[in-house]
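Q: This is entry-v2.cif, which holds mmCIF, C-alpha atoms:
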```
data_protein
#
loop_
_atom_site.label_atom_id
_atom_site.label_comp_id
_atom_site.auth_asym_id
_atom_site.auth_seq_id
_atom_site.Cartn_x
_atom_site.Cartn_y
_atom_site.Cartn_z
CA MET N 1 44.56 -139.45 113.19
CA LEU N 2 42.89 -136.46 114.82
CA THR N 3 39.12 -136.79 114.54
CA ILE N 4 36.97 -133.71 115.12
CA ASP N 5 33.26 -133.21 115.66
CA PRO N 6 32.58 -129.69 114.26
CA ASN N 7 29.86 -129.19 116.87
CA LYS N 8 32.26 -129.75 119.76
CA ILE N 9 34.98 -127.17 119.09
CA SER N 10 34.85 -123.38 118.92
CA THR N 11 33.96 -121.72 115.62
CA ALA N 12 37.30 -119.92 115.58
CA LYS N 13 39.23 -123.18 115.94
CA LEU N 14 37.06 -124.92 113.36
CA GLN N 15 37.59 -122.04 110.94
CA GLY N 16 41.35 -122.36 111.46
CA TYR N 17 41.29 -126.06 110.52
CA LEU N 18 39.12 -125.41 107.47
CA GLN N 19 41.23 -122.52 106.17
CA SER N 20 44.47 -124.43 106.66
CA ALA N 21 43.27 -127.68 105.09
CA ILE N 22 41.23 -126.31 102.17
CA ALA N 23 43.93 -124.31 100.46
CA PRO N 24 45.40 -122.58 98.59
CA ARG N 25 42.34 -120.46 97.81
CA PRO N 26 42.13 -117.68 95.20
CA ILE N 27 41.38 -114.19 96.49
CA ALA N 28 38.39 -112.09 95.44
CA PHE N 29 39.36 -108.46 95.93
CA ALA N 30 35.80 -107.13 95.99
CA SER N 31 35.03 -103.51 95.18
CA THR N 32 31.54 -102.25 96.00
CA ILE N 33 29.76 -98.99 96.66
CA ASP N 34 27.09 -98.24 99.24
CA LYS N 35 23.70 -96.75 98.35
CA ASN N 36 25.18 -93.27 98.78
CA GLY N 37 28.00 -93.96 96.32
CA ASN N 38 30.82 -94.40 98.86
CA PRO N 39 33.43 -96.98 97.74
CA ASN N 40 34.44 -100.05 99.72
CA LEU N 41 37.22 -102.53 99.04
CA SER N 42 37.86 -105.82 100.83
CA PRO N 43 39.45 -109.24 100.09
CA PHE N 44 37.74 -112.61 100.46
CA SER N 45 39.34 -116.03 100.08
CA PHE N 46 36.10 -118.01 100.08
CA PHE N 47 35.96 -117.55 96.29
CA ASN N 48 36.02 -119.33 92.93
CA ILE N 49 34.60 -119.61 89.41
CA PHE N 50 31.48 -121.77 89.11
CA SER N 51 30.33 -121.41 85.50
CA ALA N 52 31.61 -120.27 82.11
CA ASN N 53 28.29 -119.93 80.26
CA PRO N 54 27.03 -117.76 81.81
CA PRO N 55 30.31 -116.66 83.45
CA VAL N 56 29.61 -116.88 87.19
CA LEU N 57 31.86 -116.17 90.16
CA VAL N 58 30.92 -116.96 93.76
CA PHE N 59 32.42 -115.48 96.91
CA SER N 60 31.29 -115.48 100.51
CA PRO N 61 31.61 -112.69 103.08
CA ALA N 62 31.15 -114.50 106.40
CA ARG N 63 29.56 -113.13 109.53
CA ARG N 64 32.26 -112.07 111.99
CA VAL N 65 32.94 -114.81 114.53
CA ARG N 66 33.55 -112.41 117.41
CA ASP N 67 30.24 -110.52 117.34
CA ASN N 68 28.11 -111.99 114.51
CA SER N 69 28.08 -108.69 112.61
CA ILE N 70 28.07 -108.54 108.80
CA LYS N 71 30.54 -106.80 106.50
CA HIS N 72 30.08 -103.68 104.39
CA THR N 73 30.67 -105.70 101.22
CA LEU N 74 27.64 -107.88 101.93
CA ILE N 75 25.44 -104.89 102.75
CA ASN N 76 26.53 -103.10 99.58
CA CYS N 77 25.89 -106.14 97.40
CA GLN N 78 22.43 -106.45 98.93
CA ASP N 79 21.68 -102.78 98.28
CA THR N 80 23.20 -102.25 94.82
CA LYS N 81 23.40 -105.76 93.29
CA GLN N 82 26.80 -104.88 91.77
CA VAL N 83 30.45 -105.75 92.52
CA VAL N 84 33.85 -105.75 90.83
CA ILE N 85 36.08 -108.74 91.54
CA ASN N 86 39.77 -107.83 91.13
CA VAL N 87 42.38 -110.59 91.16
CA VAL N 88 45.42 -110.22 93.43
CA ASN N 89 49.00 -110.69 92.30
CA TYR N 90 52.22 -110.55 94.30
CA ASP N 91 52.96 -106.91 93.53
CA MET N 92 49.89 -105.75 95.46
CA VAL N 93 49.53 -108.39 98.18
CA GLN N 94 50.59 -106.13 101.08
CA GLN N 95 48.21 -103.38 100.01
CA MET N 96 45.43 -105.94 99.63
CA SER N 97 46.14 -107.18 103.14
CA LEU N 98 46.08 -103.63 104.53
CA SER N 99 42.68 -103.03 102.92
CA SER N 100 41.25 -105.88 105.02
CA THR N 101 41.71 -103.73 108.13
CA GLU N 102 38.27 -103.00 109.53
CA TYR N 103 38.10 -99.25 109.06
CA GLY N 104 34.87 -97.51 109.96
CA GLU N 105 31.93 -97.00 107.64
CA GLY N 106 32.64 -94.37 104.99
CA VAL N 107 36.44 -94.78 105.10
CA ASN N 108 37.84 -95.21 101.59
CA GLU N 109 39.96 -98.40 101.54
CA PHE N 110 41.34 -97.45 98.12
CA GLU N 111 43.02 -94.45 99.75
CA LYS N 112 44.04 -96.30 102.90
CA ALA N 113 45.68 -99.08 100.87
CA GLY N 114 47.22 -96.67 98.34
CA LEU N 115 45.41 -98.30 95.42
CA THR N 116 44.02 -96.53 92.36
CA ALA N 117 40.25 -96.48 91.79
CA ILE N 118 39.23 -96.35 88.13
CA PRO N 119 35.70 -96.23 86.72
CA SER N 120 34.00 -99.38 85.49
CA GLU N 121 32.20 -99.44 82.15
CA ILE N 122 28.94 -101.17 83.09
CA VAL N 123 28.64 -101.32 86.88
CA LYS N 124 29.08 -98.50 89.37
CA PRO N 125 31.77 -99.90 91.75
CA TYR N 126 35.32 -98.89 90.88
CA ARG N 127 38.01 -101.21 89.59
CA VAL N 128 41.49 -101.56 91.15
CA ALA N 129 43.92 -100.26 88.51
CA GLU N 130 46.80 -102.27 89.98
CA SER N 131 44.96 -105.56 89.57
CA PRO N 132 45.94 -107.41 86.36
CA VAL N 133 42.40 -108.75 85.80
CA GLN N 134 39.15 -107.08 86.82
CA PHE N 135 35.66 -108.58 86.52
CA GLU N 136 32.66 -106.26 86.47
CA CYS N 137 29.73 -108.26 87.87
CA LYS N 138 26.03 -108.04 88.56
CA VAL N 139 24.83 -109.86 91.67
CA ASN N 140 22.31 -112.54 90.72
CA GLN N 141 21.65 -114.06 94.13
CA ILE N 142 22.78 -113.96 97.76
CA ILE N 143 22.30 -117.14 99.79
CA PRO N 144 22.71 -116.91 103.59
CA LEU N 145 24.32 -120.11 104.91
CA GLY N 146 23.51 -119.54 108.58
CA THR N 147 22.68 -116.94 111.19
CA GLU N 148 25.54 -117.34 113.69
CA GLY N 149 29.09 -115.95 113.73
CA GLY N 150 31.21 -117.61 111.03
CA ALA N 151 28.26 -118.30 108.73
CA GLY N 152 28.92 -117.45 105.10
CA ASN N 153 26.76 -115.57 102.62
CA MET N 154 27.18 -116.92 99.10
CA ILE N 155 27.17 -114.06 96.62
CA ILE N 156 26.54 -115.44 93.14
CA CYS N 157 27.59 -112.85 90.59
CA GLU N 158 27.61 -112.88 86.81
CA VAL N 159 30.51 -111.36 84.90
CA VAL N 160 29.35 -108.64 82.49
CA LYS N 161 32.75 -107.21 81.49
CA ILE N 162 36.37 -108.40 81.83
CA HIS N 163 39.48 -106.20 81.80
CA ILE N 164 42.89 -107.87 81.38
CA SER N 165 46.26 -106.12 81.43
CA GLU N 166 48.20 -106.87 78.26
CA LEU N 167 51.31 -107.14 80.45
CA VAL N 168 50.15 -110.57 81.68
CA LEU N 169 49.38 -112.04 78.26
CA ASP N 170 51.63 -114.31 76.22
CA ALA N 171 52.27 -114.05 72.47
CA ASP N 172 48.99 -115.86 71.76
CA GLY N 173 46.93 -113.48 73.92
CA ILE N 174 46.51 -116.05 76.70
CA VAL N 175 47.06 -115.22 80.38
CA ASP N 176 50.61 -116.27 81.25
CA PRO N 177 50.69 -117.86 84.74
CA ILE N 178 54.24 -116.62 85.33
CA LYS N 179 53.56 -113.04 84.25
CA ILE N 180 50.31 -112.69 86.19
CA ASP N 181 52.05 -113.92 89.38
CA LEU N 182 48.85 -114.63 91.32
CA VAL N 183 48.77 -115.21 95.07
CA SER N 184 46.42 -117.40 97.07
CA ARG N 185 45.40 -117.76 100.70
CA LEU N 186 46.14 -120.51 103.20
CA GLY N 187 45.67 -120.60 106.98
CA GLY N 188 47.13 -118.15 109.50
CA ASN N 189 49.54 -115.67 107.92
CA TRP N 190 50.37 -117.97 105.02
CA TYR N 191 49.98 -117.24 101.33
CA SER N 192 51.17 -119.02 98.21
CA ARG N 193 52.75 -117.32 95.22
CA ALA N 194 51.82 -119.29 92.11
CA ASN N 195 55.33 -119.41 90.65
CA LYS N 196 57.44 -119.16 93.84
CA GLY N 197 55.83 -121.03 96.74
CA LEU N 198 54.83 -120.13 100.30
CA PHE N 199 55.37 -116.81 102.03
CA GLU N 200 53.89 -114.95 105.02
CA VAL N 201 52.03 -111.67 105.29
CA GLU N 202 51.42 -110.47 108.81
CA LYS N 203 47.74 -109.99 109.46
CA PRO N 204 46.64 -106.35 109.69
CA LEU N 205 46.56 -104.94 113.18
CA ALA N 206 43.49 -105.44 115.32
CA THR N 207 43.74 -101.70 115.81
CA LEU N 208 43.81 -99.52 112.69
CA GLY N 209 46.92 -99.03 110.61
CA ILE N 210 47.68 -95.43 109.65
CA GLY N 211 47.14 -96.25 105.97
CA VAL N 212 49.13 -95.43 102.86
CA ASP N 213 47.32 -92.09 102.64
CA ALA N 214 49.13 -91.02 105.84
CA ILE N 215 52.61 -91.69 104.38
CA PRO N 216 54.45 -88.43 103.55
CA ASP N 217 54.80 -87.58 99.86
CA PHE N 218 58.61 -87.57 100.06
CA VAL N 219 58.43 -91.30 100.80
CA LYS N 220 55.76 -92.16 98.23
CA GLN N 221 57.50 -90.16 95.52
CA SER N 222 60.97 -91.58 96.15
CA HIS N 223 60.64 -94.35 93.50
CA VAL N 224 62.38 -96.69 95.97
CA PHE N 225 59.24 -98.06 97.63
CA LYS N 226 56.83 -100.24 95.68
CA GLY N 227 53.21 -100.96 96.52
CA ASN N 228 54.07 -103.79 98.90
CA ASP N 229 56.52 -101.54 100.76
CA LEU N 230 53.89 -98.83 101.15
CA GLY N 231 51.43 -101.44 102.39
CA LYS N 232 53.85 -102.44 105.15
CA LEU N 233 54.52 -98.82 106.12
CA GLY N 234 50.79 -98.10 106.21
CA ASN N 235 50.07 -101.04 108.49
CA VAL N 236 51.76 -99.58 111.58
CA GLU N 237 49.42 -98.41 114.31
CA ALA N 238 51.30 -95.16 114.96
CA LEU N 239 54.50 -93.46 113.86
CA PRO N 240 57.50 -93.62 116.24
CA THR N 241 57.93 -90.66 118.56
CA GLU N 242 60.83 -88.20 118.29
CA GLU N 243 62.26 -89.69 121.47
CA GLU N 244 62.14 -93.22 120.04
CA ILE N 245 63.81 -92.03 116.85
CA THR N 246 66.56 -90.19 118.76
CA ILE N 247 67.36 -93.26 120.88
CA PHE N 248 67.39 -95.47 117.78
CA VAL N 249 69.82 -93.18 115.93
CA LYS N 250 72.16 -92.98 118.92
CA GLN N 251 72.32 -96.76 119.11
CA ASN N 252 72.68 -97.39 115.36
CA PHE N 253 76.02 -96.48 113.77
CA GLU N 254 74.83 -97.31 110.25
CA VAL N 255 72.00 -94.80 110.50
CA LYS N 256 74.36 -92.20 111.92
CA GLY N 257 76.64 -92.68 108.93
CA VAL N 258 73.80 -92.32 106.43
CA LEU N 259 72.57 -89.16 108.14
CA SER N 260 76.07 -87.69 108.25
CA ALA N 261 76.48 -88.31 104.52
CA ASP N 262 73.24 -86.38 103.94
CA ASP N 263 72.35 -88.84 101.17
CA GLU N 264 68.57 -89.23 100.97
CA MET N 265 68.76 -92.15 98.55
CA LYS N 266 70.94 -94.16 100.96
CA LYS N 267 68.44 -93.37 103.69
CA PHE N 268 65.60 -94.72 101.55
CA GLN N 269 67.58 -97.83 100.64
CA LEU N 270 68.38 -98.55 104.28
CA ALA N 271 64.71 -98.20 105.20
CA LYS N 272 63.88 -100.56 102.33
CA GLU N 273 66.22 -103.17 103.79
CA TYR N 274 64.35 -103.04 107.08
CA LEU N 275 61.03 -103.37 105.24
CA ASP N 276 62.32 -106.41 103.37
CA ASN N 277 62.95 -107.95 106.81
CA ASN N 278 59.40 -106.99 107.89
CA GLU N 279 60.67 -104.38 110.36
CA ALA N 280 58.27 -101.61 109.38
CA LEU N 281 58.54 -99.57 112.58
CA THR N 282 62.35 -99.55 112.30
CA ALA N 283 62.04 -98.47 108.67
CA TRP N 284 59.91 -95.56 109.83
CA LYS N 285 62.59 -94.54 112.34
CA VAL N 286 65.12 -94.39 109.53
CA LEU N 287 62.79 -92.41 107.27
CA LEU N 288 61.89 -89.88 109.95
CA ALA N 289 65.41 -89.49 111.40
CA LYS N 290 66.99 -86.07 110.98
CA GLN N 291 70.65 -85.15 110.66
#
```
Let me see whether you can do it: turn the structure in this file into C-alpha cells.
A:
Amino acid sequence: MLTIDPNKISTAKLQGYLQSAIAPRPIAFASTIDKNGNPNLSPFSFFNIFSANPPVLVFSPARRVRDNSIKHTLINCQDTKQVVINVVNYDMVQQMSLSSTEYGEGVNEFEKAGLTAIPSEIVKPYRVAESPVQFECKVNQIIPLGTEGGAGNMIICEVVKIHISELVLDADGIVDPIKIDLVSRLGGNWYSRANKGLFEVEKPLATLGIGVDAIPDFVKQSHVFKGNDLGKLGNVEALPTEEEITIFVKQNFEVKGVLSADDEMKKFQLAKEYLDNNEALTAWKVLLAKQ
C-alpha cells in the first residue's frame, strides 16, 4: 500500500490524491455579486449540506495553488454576505465547466457560459435559470483554513429561499433522482452522472475560451445545439482561420458534399457529430465553412 506523508509531497499532488479519493462530490454553482453589483458565477466541488434546521450549506473556495491568490467568489461573499447555490445537472455540465475559466474581474460568467441570470427574491445575487434547484443564501460565517496556496475558506451559508423546477418532481412532489440528473465531481477530468455513471469533461483552457457570447447567432438559434454543445464551442481559445478551414474542406469529402447540397441543417448535424466526439475545433471548421 502506498503511504503518503502530506507534508512531504507537493500541494498540487496532494490535492490530486484528495480529489480522486474523496469522491464523487456534489457541485456548488455559486452566484455572487461584487460590492458594485457586478455578477460572478463559479463552481466549487468542496461542498455539501451540513444542517436542516436551520438549513445550512457549506462550500469552500480554496486559495489558488499556483500563486496563493483568492477567488472572486470569496471576496464577494466577504463583502456582501450573500450567495446563491445552484445545483448542476447533466444538461448544463459543459457550460458550468466553461464558467470555471478564470476570466478577468468584471467579466460576466453568465454571458460567457451562455447561462440565464434571473433575479432572486431575497438576496441580490442572480440565480441560474437552467439549474433545476436554486438556493438563495445568506453567509453566516467564513472560516479560513490556512494561509498558503491550496488552503480552503469554509463559507457557511444559511438557506433563506429554495426554488425547485417542477420538471424534476415526481407525482408526490418529491425530487426525482432520475429526472434531476445531477452530476458530481471526481479527480482530473472525471465526473459522475447520478443515473448513468462516469464521464469526462475536458478542463477549461488555461488560456481563455472565447465564450458562448462569442458564438454567432445563426449557430445559437439553430435548435440543433444544446447548452452542453454551446459550452464546448465556447471553450476553444480561438476560431479556426480561413486558411485552416479551406484546407479542412479540401481534405474532407463529407464536408464538401454537405456544402454542395447547400443544406444548412445537414451542416449543423455534421458539426454536432464532431462535438459529440469532443472535436470542437473541427466542429467550428464545419460551421464556418462556405460553399
Q: Give me, as a short mmCIF file (atom, residue, chain, number, x, y, z; two decimals) with C-alpha atoms, in the frame of the given file, all polymer residues having an atom no more than 10 Å from stretch 146-153 of chain N, counting all atoms listed in the file and skipping those fewer than 4 positions away in the same chain.
A:
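Result went into around33.cif, see below:
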```
data_model
loop_
_atom_site.label_atom_id
_atom_site.label_comp_id
_atom_site.auth_asym_id
_atom_site.auth_seq_id
_atom_site.Cartn_x
_atom_site.Cartn_y
_atom_site.Cartn_z
CA THR N 11 33.96 -121.72 115.62
CA ALA N 12 37.30 -119.92 115.58
CA LEU N 14 37.06 -124.92 113.36
CA GLN N 15 37.59 -122.04 110.94
CA PHE N 46 36.10 -118.01 100.08
CA VAL N 58 30.92 -116.96 93.76
CA PHE N 59 32.42 -115.48 96.91
CA SER N 60 31.29 -115.48 100.51
CA PRO N 61 31.61 -112.69 103.08
CA ALA N 62 31.15 -114.50 106.40
CA ARG N 63 29.56 -113.13 109.53
CA ARG N 64 32.26 -112.07 111.99
CA VAL N 65 32.94 -114.81 114.53
CA ARG N 66 33.55 -112.41 117.41
CA ASP N 67 30.24 -110.52 117.34
CA ASN N 68 28.11 -111.99 114.51
CA SER N 69 28.08 -108.69 112.61
CA ILE N 70 28.07 -108.54 108.80
CA LEU N 74 27.64 -107.88 101.93
CA ILE N 142 22.78 -113.96 97.76
#
```
Q: Take atom CA of N:Gly173 and atom CA of N:Ile85 and report the distance between them in Å, one decimal.
A: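 Going from atom CA of N:Gly173 over to atom CA of N:Ile85 covers 21.2 Å.
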Q: Quick one: everything within 10 Å of N:Asn89, counting only C-alpha atoms, minus sequence neighbours fewer than 5 positions away in the same chain. Send it as a PDB file with C-alpha atoms, keeping the file's coordinate frame.
A:
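Contents of selection30.pdb, as written:
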```pdb
ATOM      1  CA  ILE N  27      41.380-114.190  96.490  1.00  0.00           C
ATOM      2  CA  MET N  96      45.430-105.940  99.630  1.00  0.00           C
ATOM      3  CA  GLU N 130      46.800-102.270  89.980  1.00  0.00           C
ATOM      4  CA  SER N 131      44.960-105.560  89.570  1.00  0.00           C
ATOM      5  CA  PRO N 132      45.940-107.410  86.360  1.00  0.00           C
ATOM      6  CA  VAL N 133      42.400-108.750  85.800  1.00  0.00           C
ATOM      7  CA  LYS N 179      53.560-113.040  84.250  1.00  0.00           C
ATOM      8  CA  ILE N 180      50.310-112.690  86.190  1.00  0.00           C
ATOM      9  CA  ASP N 181      52.050-113.920  89.380  1.00  0.00           C
ATOM     10  CA  LEU N 182      48.850-114.630  91.320  1.00  0.00           C
ATOM     11  CA  VAL N 183      48.770-115.210  95.070  1.00  0.00           C
ATOM     12  CA  SER N 184      46.420-117.400  97.070  1.00  0.00           C
ATOM     13  CA  ARG N 193      52.750-117.320  95.220  1.00  0.00           C
ATOM     14  CA  ALA N 194      51.820-119.290  92.110  1.00  0.00           C
TER      15      ALA N 194
END
```
Q: Rank N:Glu111, N:Glu102, N:Asp91, N:Glu121 by their smallest atom-to-atom distance to N:Pro204, using only C-alpha atoms, and report the top residue only.
A: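 Of N:Glu111, N:Glu102, N:Asp91, N:Glu121, the one nearest N:Pro204 is N:Glu102, counting only C-alpha atoms.
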Q: Can you translate the PyMOL selection byres ((chain N and resi 226) around 12) into the concrete residues it hits in this file, as a PyMOL selection string?
A: chain N and resi 90-95+114-115+130+212+219-225+227-233+268+272+275-276
Q: Identify all residues satisfying the PyMOL selection byres ((chain N and resi 77) around 10) in the given file; provide them as a ChimeraX atom specification.
A: /N:31-35,72-76,78-83,138-142,155,157
Q: From the list N:Pro43, N:Gly211, N:Gly187, N:Pro55, which residue is nearest N:Ser20 when using only C-alpha atoms?
A: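 Distance minimum relative to N:Ser20 lands on N:Gly187.
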Q: Extract, using all atoms listed in the file, all DNA, RNA and protein residues at most 12 Å from N:Glu279, discarding same-chain residues fewer than 2 positions from it, and format them as a PDB file with C-alpha atoms, in the coordinates of the input.
A:
```pdb
ATOM      1  CA  GLU N 202      51.420-110.470 108.810  1.00  0.00           C
ATOM      2  CA  ASP N 229      56.520-101.540 100.760  1.00  0.00           C
ATOM      3  CA  LYS N 232      53.850-102.440 105.150  1.00  0.00           C
ATOM      4  CA  LEU N 233      54.520 -98.820 106.120  1.00  0.00           C
ATOM      5  CA  ASN N 235      50.070-101.040 108.490  1.00  0.00           C
ATOM      6  CA  VAL N 236      51.760 -99.580 111.580  1.00  0.00           C
ATOM      7  CA  LEU N 270      68.380 -98.550 104.280  1.00  0.00           C
ATOM      8  CA  ALA N 271      64.710 -98.200 105.200  1.00  0.00           C
ATOM      9  CA  LYS N 272      63.880-100.560 102.330  1.00  0.00           C
ATOM     10  CA  GLU N 273      66.220-103.170 103.790  1.00  0.00           C
ATOM     11  CA  TYR N 274      64.350-103.040 107.080  1.00  0.00           C
ATOM     12  CA  LEU N 275      61.030-103.370 105.240  1.00  0.00           C
ATOM     13  CA  ASP N 276      62.320-106.410 103.370  1.00  0.00           C
ATOM     14  CA  ASN N 277      62.950-107.950 106.810  1.00  0.00           C
ATOM     15  CA  LEU N 281      58.540 -99.570 112.580  1.00  0.00           C
ATOM     16  CA  THR N 282      62.350 -99.550 112.300  1.00  0.00           C
ATOM     17  CA  ALA N 283      62.040 -98.470 108.670  1.00  0.00           C
ATOM     18  CA  TRP N 284      59.910 -95.560 109.830  1.00  0.00           C
ATOM     19  CA  LYS N 285      62.590 -94.540 112.340  1.00  0.00           C
ATOM     20  CA  VAL N 286      65.120 -94.390 109.530  1.00  0.00           C
TER      21      VAL N 286
END
```
Q: Pick out the closest residue to N:Asn40 from this set: N:Met1, N:Val84, N:Met265, N:Ala23. Count all atoms listed in the file.
A: N:Val84
Q: Kindly resolve the PyMOL selection byres ((chain N and resi 128) around 7) on the present coordinates and return the residues as number ranges by chain.
A: N: 86, 115-118, 126-127, 129-131
Q: Would you write out those residues with C-alpha atoms, as a compact mmCIF listing (two decimals), in the frame of the given file?
A:
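Once everything was written out, this is again.txt:
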```
# COMPACT_ATOMS: atom_id res chain seq x y z
CA ASN N 86 39.77 -107.83 91.13
CA LEU N 115 45.41 -98.30 95.42
CA THR N 116 44.02 -96.53 92.36
CA ALA N 117 40.25 -96.48 91.79
CA ILE N 118 39.23 -96.35 88.13
CA TYR N 126 35.32 -98.89 90.88
CA ARG N 127 38.01 -101.21 89.59
CA ALA N 129 43.92 -100.26 88.51
CA GLU N 130 46.80 -102.27 89.98
CA SER N 131 44.96 -105.56 89.57
```
Q: By how many Å are atom CA of N:Phe199 and atom CA of N:Asn48 apart?
A: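 If I compute the distance from atom CA of N:Phe199 to atom CA of N:Asn48, I get 21.5 Å.
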Q: Enumerate, as a list in words, the protein, DNA and RNA residues whose atoms approach (41.1, -113.0, 93.3) to within 6 Å, taking into account all atoms listed in the file and the coordinate frame of the file.
A: Pro26, Ile27, Ala28, Phe29, Asn86, Val87 and Val88 of chain N
Q: Suppose you want the space between atom CA of N:Gln269 and atom CA of N:Thr207; what is it in Å?
A: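 Going from atom CA of N:Gln269 over to atom CA of N:Thr207 covers 28.5 Å.
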Q: Find the residue from N:Gly106, N:Gly257, N:Pro177, N:Pro144 that sits nearest to N:Asn38; use only C-alpha atoms when measuring.
A: N:Gly106
Q: Between N:Val56, N:Ile122, N:Leu259, N:Leu198, which residue has the minimum interatomic distance to N:Glu136, considering all atoms listed in the file?
A: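 So, comparing all the options, the nearest one is N:Ile122.
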